[in-house]
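Accompanying notes for the structure given below.
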Amino acid sequence: MDAKKVINELLPPAFLRLIRSLRSGKNGSVFEGEFSSWDAAAAACQTAGYAEPNILQKTLKSVLAVKNGQAVFERDSILFSEIQYSWPLLSSILLAAANTHNNLRILDFGGSLGSTYFQNKKFLDGIPHKISYGVVEQSHYVDVGNEQISDENLSFYKNITDYMADIGKPHLLILNGVLQYLENYLDLLKDILSKDIELIVIDRTPFVSRAGGEKIMIQNVPETIYAARYPHHFFQKSKFLANFTIHDYEVLEGFKAIDNGNEFATWEGFIFAKKKSN
């Protein structure tokens, strides 16, 4: 019997859960679990998750600081002294711009209060097109975003249907660190992929790095960021990519995300293009 099996048999379950809870990942977050279902993980969190009011309040304060020129860059409500670019994500924006002639339409699903928009604003401002950058978020983010953050290019929507009714089909869809926090992420993917959007970029998305299936765990966010606990998916890469293949998307490029990995997962990204029909 190997050492791992001996430990699993001798140590009580509560102690094993404590050991597992020390597995760190991006931004110093700690992950605990695993859980048999999303509902079980959500019940163990005992919080409102991303809907916690303190998260919106801190994010708003940080994004306003960037918008008003008082700070350079914000990510996950944390302010930085320099912009930390995701160069592949920026490349997808510039590729979408190269493929259109007038109005560049970008849809950022789960884009908080426009973090990615402000991160890349220097380059967006240099594109000689009208920019229509829409963010789809929870209702309370949409309300605050349209009241305090929106500008001539940036607007907030409660769902993809509202964005498309107002702006049209996007040239580029951004899914940046969002799918892992959605219980029914497959339903969202099927809906998105059925719309035949030309370019889709996935960034900051976790994949299990060992053999085995998907995991559902709890992410404990450090109090230095904001106190929160979320259910969190870890995807199996081949199964995840198959969703795009069956909808006639090809991978233009895959890349490592800016986030740190851990012993059981890596955070990665992909740029997908819709295949041209013959």
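Residue numbering restarts at 1 in every chain; chains get A, B, ... in the order shown in the structure tokens, and ligands count up from 1 in that same order.
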
Can you pull out every residue from stretch 26-232 of chain A that DSSP, working from the backbone, puts in strand (DSSP E or B), and format the result as a ChimeraX atom specification? /A:30-32,73-75,78-80,103-109,130-136,154-157,172-176,199-208,215-221,228-232

Suppose we keep C-alpha atoms; can you now write the selection as a PDB file, in the first residue's frame?
ATOM      1  CA  VAL A  30      -7.078  28.611  -0.832  1.00  0.00           C
ATOM      2  CA  PHE A  31      -9.201  25.793  -2.220  1.00  0.00           C
ATOM      3  CA  GLU A  32     -10.973  23.203  -0.123  1.00  0.00           C
ATOM      4  CA  PHE A  73      -4.708  49.141 -13.023  1.00  0.00           C
ATOM      5  CA  GLU A  74      -7.282  47.097 -11.123  1.00  0.00           C
ATOM      6  CA  ARG A  75      -7.854  43.343 -11.072  1.00  0.00           C
ATOM      7  CA  ILE A  78      -6.837  45.078  -6.112  1.00  0.00           C
ATOM      8  CA  LEU A  79      -4.958  48.135  -7.389  1.00  0.00           C
ATOM      9  CA  PHE A  80      -1.556  47.768  -9.060  1.00  0.00           C
ATOM     10  CA  ASN A 103     -17.993  49.573 -35.327  1.00  0.00           C
ATOM     11  CA  LEU A 104     -15.986  47.115 -33.214  1.00  0.00           C
ATOM     12  CA  ARG A 105     -18.413  45.263 -30.952  1.00  0.00           C
ATOM     13  CA  ILE A 106     -16.980  43.491 -27.897  1.00  0.00           C
ATOM     14  CA  LEU A 107     -18.993  41.613 -25.291  1.00  0.00           C
ATOM     15  CA  ASP A 108     -17.304  40.870 -21.950  1.00  0.00           C
ATOM     16  CA  PHE A 109     -19.384  38.301 -20.086  1.00  0.00           C
ATOM     17  CA  LYS A 130     -16.287  53.225 -33.006  1.00  0.00           C
ATOM     18  CA  ILE A 131     -15.993  50.910 -30.008  1.00  0.00           C
ATOM     19  CA  SER A 132     -19.062  49.306 -28.453  1.00  0.00           C
ATOM     20  CA  TYR A 133     -17.805  47.489 -25.352  1.00  0.00           C
ATOM     21  CA  GLY A 134     -20.563  45.764 -23.390  1.00  0.00           C
ATOM     22  CA  VAL A 135     -20.270  44.012 -20.041  1.00  0.00           C
ATOM     23  CA  VAL A 136     -22.828  41.413 -18.941  1.00  0.00           C
ATOM     24  CA  LEU A 154     -18.624  51.162 -22.269  1.00  0.00           C
ATOM     25  CA  SER A 155     -22.085  49.996 -21.164  1.00  0.00           C
ATOM     26  CA  PHE A 156     -23.506  47.285 -18.913  1.00  0.00           C
ATOM     27  CA  TYR A 157     -26.221  44.677 -19.553  1.00  0.00           C
ATOM     28  CA  LEU A 172     -15.464  39.257 -30.025  1.00  0.00           C
ATOM     29  CA  LEU A 173     -16.734  37.577 -26.867  1.00  0.00           C
ATOM     30  CA  ILE A 174     -14.528  37.650 -23.770  1.00  0.00           C
ATOM     31  CA  LEU A 175     -14.874  35.052 -21.001  1.00  0.00           C
ATOM     32  CA  ASN A 176     -12.172  36.101 -18.565  1.00  0.00           C
ATOM     33  CA  LEU A 199     -13.990  35.196 -32.156  1.00  0.00           C
ATOM     34  CA  ILE A 200     -14.117  34.002 -28.540  1.00  0.00           C
ATOM     35  CA  VAL A 201     -11.307  34.373 -26.027  1.00  0.00           C
ATOM     36  CA  ILE A 202     -11.202  32.363 -22.812  1.00  0.00           C
ATOM     37  CA  ASP A 203      -8.724  33.553 -20.174  1.00  0.00           C
ATOM     38  CA  ARG A 204      -7.866  32.791 -16.532  1.00  0.00           C
ATOM     39  CA  THR A 205      -9.694  29.456 -16.579  1.00  0.00           C
ATOM     40  CA  PRO A 206      -8.582  26.482 -14.420  1.00  0.00           C
ATOM     41  CA  PHE A 207      -7.977  22.976 -15.741  1.00  0.00           C
ATOM     42  CA  VAL A 208      -7.077  19.873 -13.759  1.00  0.00           C
ATOM     43  CA  LYS A 215     -13.588  18.958  -9.629  1.00  0.00           C
ATOM     44  CA  ILE A 216     -15.914  21.176  -7.612  1.00  0.00           C
ATOM     45  CA  MET A 217     -14.198  22.894  -4.723  1.00  0.00           C
ATOM     46  CA  ILE A 218     -14.575  26.027  -2.586  1.00  0.00           C
ATOM     47  CA  GLN A 219     -12.358  29.029  -3.188  1.00  0.00           C
ATOM     48  CA  ASN A 220     -11.498  30.992  -0.069  1.00  0.00           C
ATOM     49  CA  VAL A 221     -10.476  34.511  -1.075  1.00  0.00           C
ATOM     50  CA  ALA A 228     -15.536  35.627   0.368  1.00  0.00           C
ATOM     51  CA  ARG A 229     -16.085  31.933  -0.326  1.00  0.00           C
ATOM     52  CA  TYR A 230     -17.272  30.616  -3.694  1.00  0.00           C
ATOM     53  CA  PRO A 231     -18.044  27.264  -5.267  1.00  0.00           C
ATOM     54  CA  HIS A 232     -15.478  26.776  -8.011  1.00  0.00           C
TER      55      HIS A 232
END

With 10 Å as the cut-off and only C-alpha atoms counted, what is the closest atom pair between each nearby residue of stretch 140-194 of chain A and stretch 53-66 of chain A? Distances in Å to one decimal, ordered by chain and number, as CSV.
residue,atom,partner,partner_atom,distance
A:His140,CA,A:Leu56,CA,8.4
A:Tyr141,CA,A:Leu56,CA,7.1
A:Val144,CA,A:Leu60,CA,8.2
A:Gly145,CA,A:Leu60,CA,8.4
A:Gln148,CA,A:Leu64,CA,8.0
A:Ile149,CA,A:Leu64,CA,7.1

Counting only C-alpha atoms, the option among A:Gly254, A:Pro170, A:Gly114, A:Gly177 closest to A:Ala96: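 Among the listed residues, A:Pro170 lies closest to A:Ala96.
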
Write out as a PyMOL selection string all residues of stretch 39-255 of chain A that DSSP puts in helix (DSSP H, G or I) for this structure's backbone. chain A and resi 39-45+49-51+53-67+87-98+115-119+121-124+139-149+160-166+179-181+185-193+237-245

Record the distance separating atom CA of A:Pro88 and atom CA of A:Thr245, expressed in Å with one decimal.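 Rounded to one decimal, the two atoms are 20.4 Å apart.
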
Residues within 12 Å of stretch 210-214 of chain A, please, as a PyMOL selection string. Count only C-alpha atoms; anything in the same chain fewer than 3 positions from it doesn't count. chain A and resi 34-38+180+206-207+217+232-240+262-266
